[in-house]
>>> print(open('query26.tsv').read())   # TSV, C-alpha atoms
chain	number	residue	atom	x	y	z
F	24	MET	CA	-0.21	8.15	-24.24
F	25	ASN	CA	3.27	9.59	-24.80
F	26	ARG	CA	5.91	7.53	-23.02
F	27	ARG	CA	7.73	9.32	-20.25
F	28	SER	CA	11.48	9.63	-19.93
F	29	LEU	CA	12.42	8.96	-16.32
F	30	ALA	CA	15.72	9.12	-14.46
F	31	PRO	CA	16.88	8.50	-10.88
F	32	GLY	CA	15.64	11.27	-8.60
F	33	ASP	CA	12.38	11.79	-10.52
F	34	PRO	CA	9.05	11.17	-8.77
F	35	ALA	CA	7.76	7.71	-9.60
F	36	PRO	CA	4.45	7.96	-11.50
F	37	TRP	CA	1.37	6.86	-9.58
F	38	PHE	CA	-1.19	4.63	-11.23
F	39	THR	CA	-4.01	2.26	-10.34
F	40	GLN	CA	-4.07	-1.03	-12.20
F	41	ARG	CA	-5.42	-4.55	-12.08
F	42	CYS	CA	-3.31	-6.60	-9.70
F	43	THR	CA	-3.03	-9.96	-7.98
F	44	THR	CA	-4.52	-8.60	-4.76
F	45	PRO	CA	-7.74	-9.71	-3.03
F	46	SER	CA	-9.53	-6.63	-4.40
F	47	GLY	CA	-8.17	-7.20	-7.90
F	48	ARG	CA	-6.62	-3.73	-8.09
F	49	TYR	CA	-3.76	-1.80	-6.50
F	50	SER	CA	-2.97	1.90	-6.29
F	51	PHE	CA	0.79	2.27	-6.50
F	52	ASP	CA	0.81	5.33	-4.22
F	53	MET	CA	0.05	2.88	-1.38
F	54	ALA	CA	3.44	1.23	-1.93
F	55	ALA	CA	5.25	4.12	-0.24
F	56	GLY	CA	7.30	3.43	2.87
F	57	ARG	CA	9.22	0.55	1.30
F	58	TYR	CA	11.60	-0.01	-1.58
F	59	ASN	CA	9.66	-1.34	-4.57
F	60	LEU	CA	11.13	-3.22	-7.51
F	61	LEU	CA	9.01	-3.08	-10.66
F	62	TYR	CA	9.89	-5.68	-13.29
F	63	PHE	CA	8.33	-4.90	-16.68
F	64	PHE	CA	8.16	-7.81	-19.13
F	65	PRO	CA	6.14	-8.81	-22.22
F	66	SER	CA	5.10	-12.33	-21.16
F	67	ALA	CA	5.79	-14.77	-18.35
F	68	ALA	CA	5.37	-17.59	-20.87
F	69	SER	CA	8.97	-16.98	-21.95
F	70	PRO	CA	11.18	-19.56	-20.17
F	71	GLU	CA	13.84	-16.92	-19.50
F	72	ILE	CA	11.34	-14.45	-18.00
F	73	GLY	CA	9.67	-17.23	-16.02
F	74	GLU	CA	13.05	-18.10	-14.52
F	75	ARG	CA	13.67	-14.43	-13.69
F	76	LEU	CA	10.28	-14.17	-11.99
F	77	GLY	CA	10.91	-17.27	-9.92
F	78	HIS	CA	14.30	-15.95	-8.84
F	79	LEU	CA	13.00	-12.51	-7.87
F	80	ALA	CA	9.70	-13.56	-6.31
F	81	GLY	CA	11.46	-16.19	-4.23
F	82	ASP	CA	14.02	-13.87	-2.71
F	83	PRO	CA	13.36	-13.32	1.03
F	84	VAL	CA	14.39	-9.65	0.77
F	85	PHE	CA	10.86	-8.98	-0.52
F	86	ASP	CA	9.18	-9.25	2.86
F	87	GLY	CA	6.54	-6.55	2.34
F	88	VAL	CA	7.97	-4.56	5.25
F	89	ARG	CA	11.13	-3.02	3.83
F	90	CYS	CA	10.90	-4.19	0.22
F	91	GLN	CA	8.23	-5.25	-2.27
F	92	PHE	CA	8.37	-6.82	-5.72
F	93	PHE	CA	5.88	-6.12	-8.50
F	94	GLY	CA	5.96	-8.03	-11.75
F	95	VAL	CA	4.32	-5.99	-14.53
F	96	SER	CA	3.01	-8.25	-17.29
F	97	ALA	CA	1.85	-7.03	-20.69
F	98	ASP	CA	0.40	-10.44	-21.64
F	99	PRO	CA	-3.27	-11.10	-20.73
F	100	GLY	CA	-2.52	-14.79	-21.25
F	101	ASP	CA	-0.28	-14.83	-18.17
F	102	GLU	CA	-3.31	-14.41	-15.94
F	103	VAL	CA	-5.32	-17.05	-17.77
F	104	ALA	CA	-2.45	-19.53	-17.59
F	105	GLY	CA	-1.88	-18.89	-13.88
F	106	LEU	CA	1.71	-17.77	-14.41
F	107	LEU	CA	1.49	-14.80	-12.03
F	108	ARG	CA	1.21	-15.84	-8.41
F	109	ALA	CA	1.13	-13.38	-5.55
F	110	LYS	CA	3.09	-14.16	-2.40
F	111	PRO	CA	1.71	-11.69	0.15
F	112	PRO	CA	2.82	-9.45	1.61
F	113	GLY	CA	5.94	-8.86	-0.49
F	114	VAL	CA	5.22	-10.13	-4.01
F	115	ARG	CA	2.43	-9.01	-6.34
F	116	HIS	CA	1.90	-8.70	-10.08
F	117	PHE	CA	0.27	-5.96	-12.12
F	118	LEU	CA	-1.86	-7.10	-15.08
F	119	ASP	CA	-0.85	-4.42	-17.55
F	120	ALA	CA	-2.29	-5.59	-20.86
F	121	ASP	CA	-3.50	-2.05	-21.61
F	122	ARG	CA	0.04	-0.76	-20.92
F	123	LEU	CA	-1.13	1.82	-18.40
F	124	ALA	CA	1.86	1.27	-16.10
F	125	ALA	CA	4.34	0.64	-18.92
F	126	ASP	CA	3.48	3.92	-20.64
F	127	HIS	CA	3.80	5.83	-17.36
F	128	TYR	CA	7.31	4.42	-16.94
F	129	GLY	CA	8.42	4.76	-20.56
F	130	VAL	CA	8.73	1.02	-21.25
F	131	PRO	CA	8.26	0.33	-24.98
F	132	ALA	CA	6.04	-2.47	-26.30
F	133	GLY	CA	7.86	-5.77	-25.89
F	134	GLY	CA	10.40	-4.13	-23.59
F	135	ARG	CA	11.92	-5.50	-20.40
F	136	SER	CA	13.05	-3.18	-17.63
F	137	LEU	CA	13.80	-3.05	-13.91
F	138	VAL	CA	12.75	0.08	-12.00
F	139	LEU	CA	13.64	0.49	-8.33
F	140	VAL	CA	11.47	2.99	-6.44
F	141	ASP	CA	12.45	4.31	-3.00
F	142	PRO	CA	10.16	4.66	0.08
F	143	MET	CA	9.26	8.25	-0.89
F	144	LEU	CA	8.17	6.96	-4.31
F	145	ARG	CA	11.09	8.42	-6.23
F	146	ILE	CA	13.05	6.60	-8.92
F	147	ALA	CA	16.16	5.09	-7.30
F	148	ALA	CA	17.47	3.14	-10.31
F	149	ILE	CA	16.50	2.02	-13.81
F	150	ALA	CA	18.24	-0.99	-15.32
F	151	ASP	CA	18.01	-3.41	-18.21
F	152	ASP	CA	16.82	-6.93	-17.52
F	153	THR	CA	20.15	-8.68	-16.99
F	154	LEU	CA	21.36	-11.08	-14.33
F	155	SER	CA	24.06	-8.56	-13.42
F	156	SER	CA	21.51	-5.79	-12.84
F	157	ILE	CA	19.28	-8.06	-10.79
F	158	GLY	CA	22.24	-9.10	-8.64
F	159	GLN	CA	23.26	-5.50	-8.00
F	160	ILE	CA	19.73	-4.48	-7.03
F	161	LEU	CA	19.24	-7.43	-4.69
F	162	SER	CA	22.61	-6.75	-3.05
F	163	PHE	CA	21.62	-3.12	-2.49
F	164	LEU	CA	18.29	-4.14	-0.93
F	165	ARG	CA	19.93	-6.68	1.37
F	166	HIS	CA	22.20	-4.01	2.84
F	167	LEU	CA	19.74	-1.17	3.48
F	168	PRO	CA	20.54	1.04	6.50
F	169	ASP	CA	18.40	1.01	9.61
F	170	PRO	CA	15.25	3.01	8.71
F	171	LEU	CA	15.01	4.66	12.15
F	172	ALA	CA	18.58	5.94	11.81
F	173	VAL	CA	17.73	7.34	8.40
F	174	GLN	CA	14.53	8.96	9.67
F	175	ARG	CA	16.38	10.84	12.40
F	176	GLN	CA	17.99	12.87	9.61
F	177	VAL	CA	14.67	13.76	7.93
F	178	PRO	CA	12.19	16.31	9.33
F	179	THR	CA	8.76	14.90	10.07
F	180	PRO	CA	6.16	16.43	7.71
F	181	ALA	CA	3.79	17.44	10.50
F	182	LEU	CA	3.15	19.97	13.26
F	183	MET	CA	2.87	18.83	16.87
F	184	LEU	CA	0.81	21.39	18.80
F	185	PRO	CA	0.22	20.90	22.55
F	186	GLY	CA	-2.62	22.51	24.48
F	187	VAL	CA	-5.17	22.83	21.69
F	188	LEU	CA	-8.04	21.59	23.91
F	189	GLU	CA	-8.20	21.89	27.67
F	190	PRO	CA	-8.64	18.62	29.66
F	191	ALA	CA	-12.18	19.49	30.77
F	192	LEU	CA	-13.33	19.82	27.15
F	193	CYS	CA	-11.61	16.56	26.27
F	194	GLU	CA	-13.58	14.84	29.05
F	195	MET	CA	-16.84	16.35	27.79
F	196	LEU	CA	-16.17	15.07	24.28
F	197	ILE	CA	-15.41	11.55	25.54
F	198	ARG	CA	-18.62	11.54	27.60
F	199	TYR	CA	-20.53	12.68	24.53
F	200	PHE	CA	-19.11	9.73	22.56
F	201	HIS	CA	-20.43	7.25	25.11
F	202	ALA	CA	-23.83	8.96	25.42
F	203	GLN	CA	-24.52	8.90	21.67
F	204	ALA	CA	-24.60	6.31	18.92
F	205	SER	CA	-21.35	5.49	17.11
F	206	VAL	CA	-20.70	3.59	13.90
F	207	GLN	CA	-17.87	1.55	12.43
F	208	SER	CA	-15.80	3.99	10.40
F	209	ALA	CA	-15.64	3.36	6.64
F	210	ILE	CA	-13.02	4.12	4.00
F	211	PHE	CA	-13.66	5.66	0.59
F	212	THR	CA	-12.80	3.70	-2.54
F	213	GLU	CA	-13.24	4.54	-6.19
F	214	GLN	CA	-13.56	1.67	-8.67
F	215	GLU	CA	-14.86	4.04	-11.33
F	216	PRO	CA	-13.58	7.61	-11.88
F	217	GLY	CA	-15.78	10.14	-10.09
F	218	ARG	CA	-17.75	7.53	-8.13
F	219	SER	CA	-16.56	7.33	-4.51
F	220	LEU	CA	-18.12	4.68	-2.28
F	221	PRO	CA	-17.69	4.05	1.47
F	222	VAL	CA	-16.73	0.48	2.37
F	223	THR	CA	-15.95	-1.21	5.68
F	224	ASP	CA	-12.75	-3.21	6.14
F	225	ILE	CA	-12.05	-3.75	9.84
F	226	GLY	CA	-8.76	-5.46	9.05
F	227	PHE	CA	-7.51	-2.21	7.52
F	228	LYS	CA	-9.45	0.32	9.58
F	229	SER	CA	-10.96	-0.49	12.95
F	230	ARG	CA	-12.43	2.64	14.53
F	231	ARG	CA	-15.80	3.86	15.74
F	232	ASP	CA	-16.99	7.38	14.96
F	233	CYS	CA	-19.59	9.54	16.66
F	234	VAL	CA	-20.77	12.68	14.84
F	235	LEU	CA	-20.86	15.78	17.03
F	236	ARG	CA	-24.39	17.22	16.86
F	237	ASP	CA	-24.36	19.35	20.03
F	238	PRO	CA	-24.11	22.97	18.75
F	239	ALA	CA	-22.30	24.16	21.88
F	240	LEU	CA	-19.63	21.45	21.67
F	241	VAL	CA	-19.20	21.99	17.93
F	242	ALA	CA	-18.77	25.74	18.49
F	243	ARG	CA	-16.16	25.21	21.24
F	244	LEU	CA	-14.19	22.75	19.14
F	245	GLN	CA	-14.28	25.04	16.10
F	246	TYR	CA	-13.20	28.01	18.22
F	247	HIS	CA	-10.07	26.23	19.41
F	248	VAL	CA	-9.19	24.91	15.95
F	249	ILE	CA	-9.61	28.38	14.42
F	250	ASN	CA	-7.61	30.15	17.13
F	251	ARG	CA	-4.92	27.59	17.95
F	252	ILE	CA	-4.36	25.53	14.79
F	253	VAL	CA	-5.30	27.67	11.78
F	254	PRO	CA	-2.72	30.43	12.57
F	255	GLU	CA	0.04	27.81	12.80
F	256	ILE	CA	-0.90	26.37	9.40
F	257	SER	CA	-0.76	29.87	7.97
F	258	LYS	CA	2.67	30.47	9.52
F	259	TYR	CA	4.35	27.18	8.64
F	260	PHE	CA	2.61	26.25	5.38
F	261	GLN	CA	1.40	29.64	4.06
F	262	PHE	CA	-2.09	28.23	3.53
F	263	GLN	CA	-5.23	30.13	4.54
F	264	VAL	CA	-7.79	27.76	6.03
F	265	THR	CA	-11.38	28.97	5.66
F	266	ARG	CA	-13.34	25.70	5.85
F	267	MET	CA	-13.62	22.85	8.33
F	268	GLU	CA	-15.41	19.51	8.06
F	269	ARG	CA	-16.03	16.25	9.90
F	270	MET	CA	-16.77	17.18	13.50
F	271	ILE	CA	-16.50	13.76	15.10
F	272	VAL	CA	-15.22	11.99	18.18
F	273	ALA	CA	-13.44	8.77	17.18
F	274	CYS	CA	-12.40	5.78	19.26
F	275	TYR	CA	-9.65	3.25	18.56
F	276	ASP	CA	-10.29	0.38	20.99
F	277	ALA	CA	-7.67	-2.24	21.86
F	278	ALA	CA	-10.51	-4.77	22.26
F	279	ASP	CA	-11.32	-4.29	18.56
F	280	HIS	CA	-7.67	-4.10	17.44
F	281	GLY	CA	-8.24	-0.41	16.75
F	282	CYS	CA	-5.99	0.74	13.92
F	283	PHE	CA	-5.89	2.36	10.46
F	284	GLY	CA	-3.55	1.06	7.75
F	285	PRO	CA	-1.40	3.28	5.49
F	286	HIS	CA	-3.56	5.69	3.50
F	287	ARG	CA	-3.89	9.21	2.13
F	288	ASP	CA	-6.88	11.44	2.86
F	289	ASN	CA	-7.52	13.02	-0.56
F	290	THR	CA	-7.05	10.43	-3.30
F	291	VAL	CA	-10.68	9.92	-4.43
F	292	THR	CA	-13.22	12.38	-5.82
F	293	ALA	CA	-15.18	12.67	-2.57
F	294	THR	CA	-12.06	13.67	-0.61
F	295	ALA	CA	-9.94	15.53	-3.20
F	296	HIS	CA	-10.78	18.94	-1.68
F	297	ARG	CA	-9.19	18.14	1.68
F	298	ARG	CA	-5.91	19.91	2.42
F	299	PHE	CA	-4.93	19.30	6.07
F	300	ALA	CA	-5.80	16.55	8.53
F	301	VAL	CA	-5.94	17.24	12.27
F	302	SER	CA	-5.64	14.58	14.96
F	303	ILE	CA	-6.43	15.85	18.48
F	304	ASN	CA	-5.93	13.35	21.29
F	305	LEU	CA	-8.61	13.50	23.97
F	306	ASN	CA	-6.89	11.14	26.44
F	307	ASP	CA	-3.52	9.61	27.20
F	308	ASP	CA	-4.38	6.46	29.18
F	309	PHE	CA	-3.72	3.99	26.37
F	310	ASP	CA	-0.80	2.20	24.70
F	311	GLY	CA	-0.11	2.01	20.98
F	312	GLY	CA	-2.16	4.04	18.54
F	313	GLY	CA	0.79	6.13	17.36
F	314	LEU	CA	0.69	8.03	14.07
F	315	SER	CA	3.38	7.24	11.50
F	316	PHE	CA	4.40	8.56	8.09
F	317	PRO	CA	5.73	5.50	6.21
F	318	GLU	CA	7.23	7.50	3.33
F	319	ILE	CA	9.58	9.14	5.84
F	320	GLY	CA	10.19	6.21	8.19
F	321	PRO	CA	8.71	3.90	10.85
F	322	ALA	CA	8.78	6.28	13.85
F	323	ARG	CA	5.43	6.79	15.58
F	324	TYR	CA	4.12	10.01	17.09
F	325	THR	CA	1.54	10.56	19.81
F	326	ALA	CA	0.20	13.99	20.73
F	327	PRO	CA	-0.25	14.71	24.45
F	328	LEU	CA	-3.73	14.95	25.97
F	329	GLY	CA	-5.42	17.90	24.28
F	330	GLY	CA	-2.60	18.21	21.75
F	331	ALA	CA	-2.85	17.96	17.97
F	332	ILE	CA	-0.82	16.61	15.08
F	333	VAL	CA	-1.46	18.49	11.82
F	334	PHE	CA	-0.31	17.24	8.41
F	335	SER	CA	-1.05	17.40	4.69
F	336	CYS	CA	-3.83	15.10	3.49
F	337	ALA	CA	-1.55	14.05	0.62
F	338	VAL	CA	1.00	12.44	2.98
F	339	LEU	CA	0.80	8.68	3.48
F	340	HIS	CA	0.06	7.97	7.15
F	341	ALA	CA	-1.10	5.18	9.41
F	342	VAL	CA	-2.36	4.60	12.96
F	343	ALA	CA	-0.71	1.70	14.78
F	344	PRO	CA	-2.94	-0.75	16.67
F	345	VAL	CA	-3.99	0.32	20.16
F	346	THR	CA	-2.68	-2.40	22.47
F	347	ARG	CA	-4.19	-1.24	25.77
F	348	GLY	CA	-7.29	0.80	26.51
F	349	ARG	CA	-8.98	3.19	24.14
F	350	ARG	CA	-7.64	6.16	22.23
F	351	TYR	CA	-10.20	8.95	21.75
F	352	ALA	CA	-9.61	11.70	19.19
F	353	CYS	CA	-11.23	14.52	17.25
F	354	LEU	CA	-10.31	14.29	13.58
F	355	PRO	CA	-11.41	17.30	11.50
F	356	PHE	CA	-10.24	18.14	7.99
F	357	LEU	CA	-9.38	21.66	6.90
F	358	HIS	CA	-9.54	23.28	3.45
F	359	ASP	CA	-10.41	26.56	1.73
F	360	ALA	CA	-13.07	28.12	-0.51
F	361	PRO	CA	-11.78	26.59	-3.78
F	362	GLY	CA	-11.79	23.21	-2.07
F	363	ALA	CA	-15.34	23.76	-0.80
F	364	ALA	CA	-16.47	24.40	-4.37
F	365	LYS	CA	-15.21	20.92	-5.32
F	366	ALA	CA	-16.67	19.13	-2.28
>>> encode(input="query26.tsv", output="structure tokens")
Amino acid sequence: MNRRSLAPGDPAPWFTQRCTTPSGRYSFDMAAGRYNLLYFFPSAASPEIGERLGHLAGDPVFDGVRCQFFGVSADPGDEVAGLLRAKPPGVRHFLDADRLAADHYGVPAGGRSLVLVDPMLRIAAIADDTLSSIGQILSFLRHLPDPLAVQRQVPTPALMLPGVLEPALCEMLIRYFHAQASVQSAIFTEQEPGRSLPVTDIGFKSRRDCVLRDPALVARLQYHVINRIVPEISKYFQFQVTRMERMIVACYDAADHGCFGPHRDNTVTATAHRRFAVSINLNDDFDGGGLSFPEIGPARYTAPLGGAIVFSCAVLHAVAPVTRGRRYACLPFLHDAPGAAKA
């Protein structure tokens, strides 16, 4: 692979690599929403690098909420010798013996480099591995501005549309959920390219889904999406929706710690055709359950009863835990004919 030449302001390359996580892998696109310091080094067996790692990994600024640290080791012996220890949630290490990450970031063989990536996954700084550089980066991270204040200056990458479904239809959809079978909702993963598999992880996603099989209800829901959401997508995003999928009623229940961790909706082969996600709230008698966009900031958004939030499937988003009651929602995906050909 040709090494890339990166500079501050450039998008940070995404990659998936072996990592000191419970799953053994980590997709770097999931690091959005926080500052991330990548430290590329040839081997942790070096006393100097080992000291650097101890200094960085032990700094409390890397709390996993506002900042994360990733060591990127090129030495397979570091793993064998137990020199790379994760300290969740803020400290992890990539096992980069095949140089996948290093080549993406333009780090030469045997090189040492510090790369700071901002919450929108853009390069914020690139520095040599010196004590002075480390000190400057840590000082910057310790004095970050309030993220909510920053977010107020950035437009939210979503449409909030009230009145998509009338209350009577919302009630019918909730009754349908309770009259039919529902299942624990899965997430798609891809350990091998082109092979997407559904897995259940209730710590990351706790939601029950009921597939709509009543033709009359499906037709009514599609009618409202086509007439009240699709024209707005065309107006604001200049995208012509011609396909719709996943007609479900979903339930986030406070009793089950209903939530969905930060994720994107189109990062594996089975979901790559998706273009827009739609979240239509069917009730409002609950607390929590707000939708957030971590790349932009921590603010949470809740559509009114019958209202929808519409956003790109490529945007990192999360659903906060429901703390009281149950949040019911319809959650279709929208795409077009080229996307349907890939589905």
>>> closest_residue(input="query26.tsv", among="F:Pro355, F:Pro185, F:Gly348, F:Gly320", to="Asp288 (chain F)", atoms="only C-alpha atoms")
F:Pro355
>>> atom_distance(input="query26.tsv", atom1="CA of Cys282 (chain F)", atom2="CA of Leu188 (chain F)")
23.2 Å
>>> residues_around(input="query26.tsv", residues="Pro131 (chain F)", least_positions_apart="5", cutoff="10 Å", atoms="all atoms listed in the file", output="list in words")
Arg26, Phe63, Pro65, Arg122, Ala125, Asp126 and Ser136 of chain F
>>> residues_near_point(input="query26.tsv", point="(-10.1, 24.9, 1.9)", cutoff="10 Å", atoms="only C-alpha atoms", output="PDB file with C-alpha atoms, keeping the file's coordinate frame")
ATOM      1  CA  PHE F 262      -2.090  28.230   3.530  1.00  0.00           C
ATOM      2  CA  GLN F 263      -5.230  30.130   4.540  1.00  0.00           C
ATOM      3  CA  VAL F 264      -7.790  27.760   6.030  1.00  0.00           C
ATOM      4  CA  THR F 265     -11.380  28.970   5.660  1.00  0.00           C
ATOM      5  CA  ARG F 266     -13.340  25.700   5.850  1.00  0.00           C
ATOM      6  CA  MET F 267     -13.620  22.850   8.330  1.00  0.00           C
ATOM      7  CA  GLU F 268     -15.410  19.510   8.060  1.00  0.00           C
ATOM      8  CA  HIS F 296     -10.780  18.940  -1.680  1.00  0.00           C
ATOM      9  CA  ARG F 297      -9.190  18.140   1.680  1.00  0.00           C
ATOM     10  CA  ARG F 298      -5.910  19.910   2.420  1.00  0.00           C
ATOM     11  CA  PHE F 299      -4.930  19.300   6.070  1.00  0.00           C
ATOM     12  CA  PHE F 356     -10.240  18.140   7.990  1.00  0.00           C
ATOM     13  CA  LEU F 357      -9.380  21.660   6.900  1.00  0.00           C
ATOM     14  CA  HIS F 358      -9.540  23.280   3.450  1.00  0.00           C
ATOM     15  CA  ASP F 359     -10.410  26.560   1.730  1.00  0.00           C
ATOM     16  CA  ALA F 360     -13.070  28.120  -0.510  1.00  0.00           C
ATOM     17  CA  PRO F 361     -11.780  26.590  -3.780  1.00  0.00           C
ATOM     18  CA  GLY F 362     -11.790  23.210  -2.070  1.00  0.00           C
ATOM     19  CA  ALA F 363     -15.340  23.760  -0.800  1.00  0.00           C
ATOM     20  CA  ALA F 364     -16.470  24.400  -4.370  1.00  0.00           C
ATOM     21  CA  LYS F 365     -15.210  20.920  -5.320  1.00  0.00           C
ATOM     22  CA  ALA F 366     -16.670  19.130  -2.280  1.00  0.00           C
TER      23      ALA F 366
END
>>> closest_atom_pairs(input="query26.tsv", of="region 234-304 of chain F", to="region 331-342 of chain F", cutoff="10 Å", atoms="all atoms listed in the file", output="Markdown table")
| residue | atom | partner | partner_atom | distance |
| --- | --- | --- | --- | --- |
| F:Val248 | CA | F:Ala331 | CA | 9.6 |
| F:Arg251 | CA | F:Ala331 | CA | 9.8 |
| F:Ile252 | CA | F:Val333 | CA | 8.2 |
| F:Val253 | CA | F:Val333 | CA | 10.0 |
| F:Glu255 | CA | F:Val333 | CA | 9.5 |
| F:Ile256 | CA | F:Val333 | CA | 8.3 |
| F:Phe260 | CA | F:Ser335 | CA | 9.6 |
| F:Tyr275 | CA | F:Val342 | CA | 9.3 |
| F:Gly281 | CA | F:Val342 | CA | 8.6 |
| F:Cys282 | CA | F:Val342 | CA | 5.4 |
| F:Phe283 | CA | F:Val342 | CA | 4.9 |
| F:Gly284 | CA | F:Ala341 | CA | 5.1 |
| F:Pro285 | CA | F:Ala341 | CA | 4.4 |
| F:His286 | CA | F:Leu339 | CA | 5.3 |
| F:Arg287 | CA | F:Leu339 | CA | 4.9 |
| F:Asp288 | CA | F:Cys336 | CA | 4.8 |
| F:Asn289 | CA | F:Cys336 | CA | 5.9 |
| F:Thr290 | CA | F:Ala337 | CA | 7.7 |
| F:Thr294 | CA | F:Cys336 | CA | 9.3 |
| F:Ala295 | CA | F:Cys336 | CA | 9.1 |
| F:His296 | CA | F:Cys336 | CA | 9.5 |
| F:Arg297 | CA | F:Cys336 | CA | 6.4 |
| F:Arg298 | CA | F:Cys336 | CA | 5.3 |
| F:Phe299 | CA | F:Ser335 | CA | 4.5 |
| F:Ala300 | CA | F:Phe334 | CA | 5.5 |
| F:Val301 | CA | F:Val333 | CA | 4.7 |
| F:Ser302 | CA | F:Ile332 | CA | 5.2 |
| F:Ile303 | CA | F:Ala331 | CA | 4.2 |
| F:Asn304 | CA | F:Ala331 | CA | 6.5 |
>>> residues_around(input="query26.tsv", residues="Glu71 (chain F)", least_positions_apart="6", cutoff="12 Å", atoms="all atoms listed in the file", output="list in words")
Phe64, Pro65, Gly77, His78, Arg135, Asp152, Thr153 and Leu154 of chain F
>>> atom_distance(input="query26.tsv", atom1="CA of Met143 (chain F)", atom2="CA of Gly56 (chain F)")
6.4 Å
>>> closest_residue(input="query26.tsv", among="F:Arg145, F:Arg347, F:Arg48, F:His127", to="Leu60 (chain F)", atoms="all atoms listed in the file")
F:Arg145
>>> residues_around(input="query26.tsv", residues="Arg323 (chain F)", least_positions_apart="4", cutoff="10 Å", atoms="only C-alpha atoms", output="PyMOL selection string")
chain F and resi 311-317+341-343
